[in-house]
Amino acid sequence: MKIRTKIYLSYLGLIVFIFATFSIIFYATFKSNLIEQVKTDNLRFAKLVESFFINQSKNIKNLKKFESYFETWGYKFLQDYIVIVTNDGSIEYSNKELDVEARVKIMKLFDENKEFSYSFEIGQLQEKPYLFTLYKSKSNTHFFILIISDLERISIFQKRFFSLIFQIAIFTALLAAAVSVFVSKQIIQGLLKLKEGIIEASKMRFNKKVEVGSRDEVGMIAHEFNKLIEKISEYNQAQIRFLQNISHELKTPLTSIRGYAEVLKMGLLDVEKANHAADRIIEHVDRLKILINQIIDLTKIESVENYFVFEKNNLEDILFDAVLDNEGYALSKGIEIVFEPNTKIPVLCDKEKLKEAFSNIISNCIRYAKSKVVIEIKLQKDEFEVRIEDNGEGFKNDEIDKIFERFFKGKRGEIGLGLSIAKAIFDKHGFAVEAENAEPVGARFVIKGSSYKEQ
């Protein structure tokens with residue numbers, strides 16, 4: 001079933017449900033509530049008649065003046081029977097002609113309820129439903145006021161009211177259908193555009209964005225879809241560059257290895273040159289081995305589940321081990337590593353992987369430093385910041401945004417995967433890493449993260 005059909009049915013179903021519920025409640029309570037209201041009105045009117053008679057000086061009950069006063073207002077009680085019954089049960093006054101059936105009914109009602117202050121009874125007159133309200137006057141000259149209300153008016157009013165509600169329901173259903181058409185059109189248009197975007201993406205075409213102007217959930221999904229497509233496009237371009245770079249990195253040493261091997265096979269070299277060729281082959285093989293291991297390592301970091309084993313460790317100890325791994329390299333280049341930790345920061349991490357990330361950054365700083373590499377740790381509340389800084393030439397303006405890309409190498413870089421591996425490891429730990437130029441000279445790497453809290 002299409003979404004548009006579902007929207008139509010949901011709107012119409014809602015209208016039908018509301019109408020059915022209202023109808024049930026209406027029939028269950030409306031008529032009884034109206035009858036209760038008529039009872040209340042009848043009592044009030046009976047007391048009004050009582051006060052009119054009490055203020056009369058004559059003993060004879062006459063409602064002519066009373067009726068003429070209310071006649072100009074079209075008062076609804078003049079449509080009812082108003083009967084005055086004396087204390088002994090005789091009918092003294094009636095505003096309408098009473099037939100035998102009505103008189104018998106009045107006498108029976110009087111005999112059964114004359115002891116009460118007021119009473120109500122629903123009965124039949126001339127095969128029509130009526131409400132009989134008998135009110136006992138509280139004046140010295142006791143008399144009874146009987147109001148006989150035609151309940152057929154209530155039934156007619158109920159039917160007319162229900163007819164009005166039915167017309168409103170039909171109008172509302174038509175309005176709901178029009179609204180559902182408009183709303184579904186807006187929703188469907190956005191979804192169809194999303195469908196087109198997904199089809200284009202499935203064909204590896206990531207240059208088409210989904211344009212949805214609405215700010216509802218469909219618009220939000222379209223916005224997130226565009227962001228996803230943009231990231232996929234960037235990732236796709238990165239993968240293309242990665243393949244191009246790796247093919248270049250592999251092609252160059254393999255070409256050299258093949259050239260040296262062919263010369264050796266031909267036996268054209270003396271012993272010294274043959275040894276030099278063999279050394280170059282070994283050098284290129286070692287370089288390829290390092291490259292392949294780094295590629296495998298980076299692939300595992302980004303894709304293999306459970307590759308990391310997180311445990312509670314001390315951040316300063318991990319950094320100290322990374323410094324020791326690079327101590328020989330620093331001594332060979334005459335670089336001093338300054339690291340004087342004064343904190344003890346617990347972190348949840350994979351110790352060996354995190355040490356590898358810090359070691360890659362430290363070795364990069366040693367490669368470009370003039371005389372020293374400084375490592376500092378700062379802790380503020382539960383957030384730590386590690387700064388690894390050298391006093392070399394620093395980054396060029398076009399290098400800072402590319403420094404963590406795969407196979408990006410500075411002018412003295414080697415393979416170009418060390419910083420990419422470091423960033424991937426930091427990302428897996430939830431740490432942020434940034435590169436910037438230090439003041440006045442040098443390059444600086446800033447790693448930020450949260451310390452570990454015991455649960």
# chains A, B, ... in the order shown; residues from 1 in each chain; ligands from 1
call {"tool": "residues_around", "arguments": {"residues": "stretch 118-120 of chain A", "least_positions_apart": "6", "cutoff": "6 Å", "atoms": "only C-alpha atoms", "output": "ChimeraX atom specification"}}
result
/A:132-136
call {"tool": "write_last_selection", "arguments": {"atoms": "N, CA, C and O atoms", "output": "PDB file, in the first residue's frame"}}
result
ATOM      1  N   PHE A 132     -43.946  14.934  33.516  1.00  0.00           N
ATOM      2  CA  PHE A 132     -44.880  15.518  34.481  1.00  0.00           C
ATOM      3  C   PHE A 132     -44.072  16.013  35.681  1.00  0.00           C
ATOM      4  O   PHE A 132     -43.388  15.227  36.346  1.00  0.00           O
ATOM      5  N   THR A 133     -44.134  17.316  35.927  1.00  0.00           N
ATOM      6  CA  THR A 133     -43.443  17.921  37.073  1.00  0.00           C
ATOM      7  C   THR A 133     -44.488  18.460  38.042  1.00  0.00           C
ATOM      8  O   THR A 133     -45.238  19.390  37.707  1.00  0.00           O
ATOM      9  N   LEU A 134     -44.590  17.873  39.250  1.00  0.00           N
ATOM     10  CA  LEU A 134     -45.566  18.293  40.264  1.00  0.00           C
ATOM     11  C   LEU A 134     -44.828  19.003  41.390  1.00  0.00           C
ATOM     12  O   LEU A 134     -43.936  18.428  42.012  1.00  0.00           O
ATOM     13  N   TYR A 135     -45.213  20.257  41.607  1.00  0.00           N
ATOM     14  CA  TYR A 135     -44.547  21.085  42.626  1.00  0.00           C
ATOM     15  C   TYR A 135     -45.580  21.517  43.666  1.00  0.00           C
ATOM     16  O   TYR A 135     -46.647  22.033  43.325  1.00  0.00           O
ATOM     17  N   LYS A 136     -45.250  21.292  44.944  1.00  0.00           N
ATOM     18  CA  LYS A 136     -46.158  21.648  46.043  1.00  0.00           C
ATOM     19  C   LYS A 136     -45.800  23.032  46.567  1.00  0.00           C
ATOM     20  O   LYS A 136     -44.657  23.287  46.955  1.00  0.00           O
TER      21      LYS A 136
END
call {"tool": "residues_around", "arguments": {"residues": "A:Lys344", "least_positions_apart": "2", "cutoff": "12 Å", "atoms": "only C-alpha atoms", "output": "PyMOL selection string"}}
result
chain A and resi 313-319+340-342+346-347+377-379+384+451-452
call {"tool": "write_last_selection", "arguments": {"atoms": "all heavy atoms", "output": "compact mmCIF listing (two decimals), in the first residue's frame"}}
result
# COMPACT_ATOMS: atom_id res chain seq x y z
N ASN A 313 44.37 2.41 31.91
CA ASN A 313 45.82 2.61 31.93
C ASN A 313 46.14 4.05 32.31
O ASN A 313 45.26 4.91 32.33
CB ASN A 313 46.43 2.29 30.55
CG ASN A 313 46.39 0.82 30.22
OD1 ASN A 313 47.20 0.06 30.69
ND2 ASN A 313 45.41 0.42 29.40
N ASN A 314 47.43 4.29 32.57
CA ASN A 314 47.88 5.64 32.92
C ASN A 314 48.43 6.31 31.66
O ASN A 314 49.31 5.78 30.99
CB ASN A 314 48.97 5.55 34.01
CG ASN A 314 49.32 6.92 34.56
OD1 ASN A 314 50.00 7.68 33.89
ND2 ASN A 314 48.85 7.23 35.75
N LEU A 315 47.90 7.49 31.34
CA LEU A 315 48.28 8.18 30.12
C LEU A 315 49.77 8.53 30.12
O LEU A 315 50.44 8.40 29.09
CB LEU A 315 47.42 9.45 29.96
CG LEU A 315 47.67 10.27 28.69
CD1 LEU A 315 47.33 9.46 27.44
CD2 LEU A 315 46.83 11.56 28.72
N GLU A 316 50.31 8.98 31.26
CA GLU A 316 51.72 9.36 31.33
C GLU A 316 52.64 8.17 31.07
O GLU A 316 53.68 8.30 30.39
CB GLU A 316 52.03 9.97 32.71
CG GLU A 316 51.45 11.36 32.93
CD GLU A 316 49.95 11.34 33.22
OE1 GLU A 316 49.38 10.25 33.43
OE2 GLU A 316 49.35 12.43 33.24
N ASP A 317 52.24 6.99 31.56
CA ASP A 317 53.06 5.79 31.33
C ASP A 317 53.11 5.43 29.84
O ASP A 317 54.15 5.02 29.31
CB ASP A 317 52.50 4.61 32.13
CG ASP A 317 52.66 4.81 33.63
OD1 ASP A 317 53.47 5.68 34.02
OD2 ASP A 317 51.96 4.12 34.40
N ILE A 318 51.97 5.56 29.16
CA ILE A 318 51.91 5.25 27.73
C ILE A 318 52.79 6.21 26.94
O ILE A 318 53.54 5.81 26.04
CB ILE A 318 50.45 5.31 27.23
CG1 ILE A 318 49.61 4.22 27.92
CG2 ILE A 318 50.38 5.15 25.72
CD1 ILE A 318 48.13 4.31 27.63
N LEU A 319 52.73 7.50 27.28
CA LEU A 319 53.57 8.50 26.61
C LEU A 319 55.06 8.24 26.88
O LEU A 319 55.91 8.39 25.99
CB LEU A 319 53.18 9.91 27.07
CG LEU A 319 52.07 10.58 26.25
CD1 LEU A 319 51.53 11.80 26.99
CD2 LEU A 319 52.57 10.98 24.88
N GLU A 340 58.26 16.06 31.08
CA GLU A 340 58.26 16.10 32.55
C GLU A 340 56.82 16.07 33.06
O GLU A 340 56.24 17.11 33.41
CB GLU A 340 58.98 17.37 33.04
CG GLU A 340 60.44 17.45 32.62
CD GLU A 340 61.09 18.75 33.03
OE1 GLU A 340 60.36 19.65 33.52
OE2 GLU A 340 62.31 18.89 32.84
N PRO A 341 56.20 14.90 33.09
CA PRO A 341 54.80 14.81 33.52
C PRO A 341 54.65 15.09 35.01
O PRO A 341 55.49 14.70 35.81
CB PRO A 341 54.42 13.37 33.19
CG PRO A 341 55.72 12.63 33.23
CD PRO A 341 56.76 13.59 32.73
N ASN A 342 53.58 15.76 35.38
CA ASN A 342 53.28 16.02 36.80
C ASN A 342 51.85 15.66 37.13
O ASN A 342 51.27 16.17 38.10
CB ASN A 342 53.54 17.50 37.13
CG ASN A 342 52.79 18.45 36.22
OD1 ASN A 342 51.98 18.02 35.42
ND2 ASN A 342 53.08 19.74 36.33
N PRO A 346 44.08 8.70 34.41
CA PRO A 346 43.62 7.38 33.96
C PRO A 346 42.81 7.50 32.67
O PRO A 346 41.99 8.40 32.51
CB PRO A 346 42.73 6.92 35.12
CG PRO A 346 42.20 8.19 35.72
CD PRO A 346 43.28 9.23 35.53
N VAL A 347 43.06 6.61 31.73
CA VAL A 347 42.30 6.59 30.47
C VAL A 347 41.91 5.15 30.16
O VAL A 347 42.61 4.20 30.52
CB VAL A 347 43.10 7.18 29.30
CG1 VAL A 347 43.27 8.67 29.46
CG2 VAL A 347 44.45 6.49 29.15
N ILE A 377 51.40 17.73 29.19
CA ILE A 377 50.06 17.20 29.48
C ILE A 377 49.35 18.18 30.41
O ILE A 377 49.92 18.58 31.45
CB ILE A 377 50.12 15.81 30.13
CG1 ILE A 377 50.87 14.82 29.24
CG2 ILE A 377 48.70 15.29 30.40
CD1 ILE A 377 51.01 13.45 29.85
N LYS A 378 48.13 18.54 30.05
CA LYS A 378 47.33 19.42 30.90
C LYS A 378 46.01 18.72 31.22
O LYS A 378 45.44 18.02 30.37
CB LYS A 378 47.04 20.76 30.21
CG LYS A 378 48.28 21.59 29.95
CD LYS A 378 47.91 22.90 29.26
CE LYS A 378 49.15 23.73 28.97
NZ LYS A 378 48.81 25.01 28.28
N LEU A 379 45.52 18.93 32.43
CA LEU A 379 44.25 18.34 32.86
C LEU A 379 43.34 19.42 33.42
O LEU A 379 43.75 20.16 34.32
CB LEU A 379 44.47 17.24 33.91
CG LEU A 379 43.20 16.55 34.44
CD1 LEU A 379 42.50 15.77 33.32
CD2 LEU A 379 43.54 15.63 35.61
N PHE A 384 41.59 16.05 29.29
CA PHE A 384 43.04 16.20 29.21
C PHE A 384 43.43 16.73 27.83
O PHE A 384 42.68 16.63 26.85
CB PHE A 384 43.75 14.87 29.48
CG PHE A 384 43.55 13.83 28.42
CD1 PHE A 384 44.29 13.84 27.23
CD2 PHE A 384 42.62 12.81 28.58
CE1 PHE A 384 44.12 12.88 26.26
CE2 PHE A 384 42.43 11.85 27.61
CZ PHE A 384 43.18 11.89 26.44
N SER A 451 39.26 11.79 30.59
CA SER A 451 39.85 10.82 31.49
C SER A 451 38.82 9.78 31.88
O SER A 451 37.61 9.99 31.73
CB SER A 451 40.41 11.53 32.73
OG SER A 451 39.36 12.18 33.43
N TYR A 452 39.29 8.65 32.39
CA TYR A 452 38.41 7.54 32.73
C TYR A 452 37.89 7.72 34.16
O TYR A 452 38.62 8.04 35.08
CB TYR A 452 39.17 6.23 32.62
CG TYR A 452 38.37 5.03 33.03
CD1 TYR A 452 37.27 4.61 32.27
CD2 TYR A 452 38.69 4.32 34.18
CE1 TYR A 452 36.54 3.50 32.66
CE2 TYR A 452 37.96 3.21 34.57
CZ TYR A 452 36.88 2.81 33.81
OH TYR A 452 36.14 1.72 34.18
call {"tool": "select_by_dssp", "arguments": {"residues": "stretch 359-407 of chain A", "states": "helix (DSSP H, G or I)", "output": "PyMOL selection string"}}
result
chain A and resi 359-368
call {"tool": "atom_distance", "arguments": {"atom1": "atom CA of A:Lys423", "atom2": "atom CA of A:Glu356"}}
result
10.7 Å
call {"tool": "closest_residue", "arguments": {"among": "A:Ile295, A:Met220, A:Ala330, A:Leu348", "to": "A:Ser420", "atoms": "only C-alpha atoms"}}
result
A:Ile295
call {"tool": "residues_around", "arguments": {"residues": "A:Asn275", "least_positions_apart": "5", "cutoff": "12 Å", "atoms": "only C-alpha atoms", "output": "VMD selection string"}}
result
chain A and resid 260 to 261 263 to 264 269 to 270 280 to 282
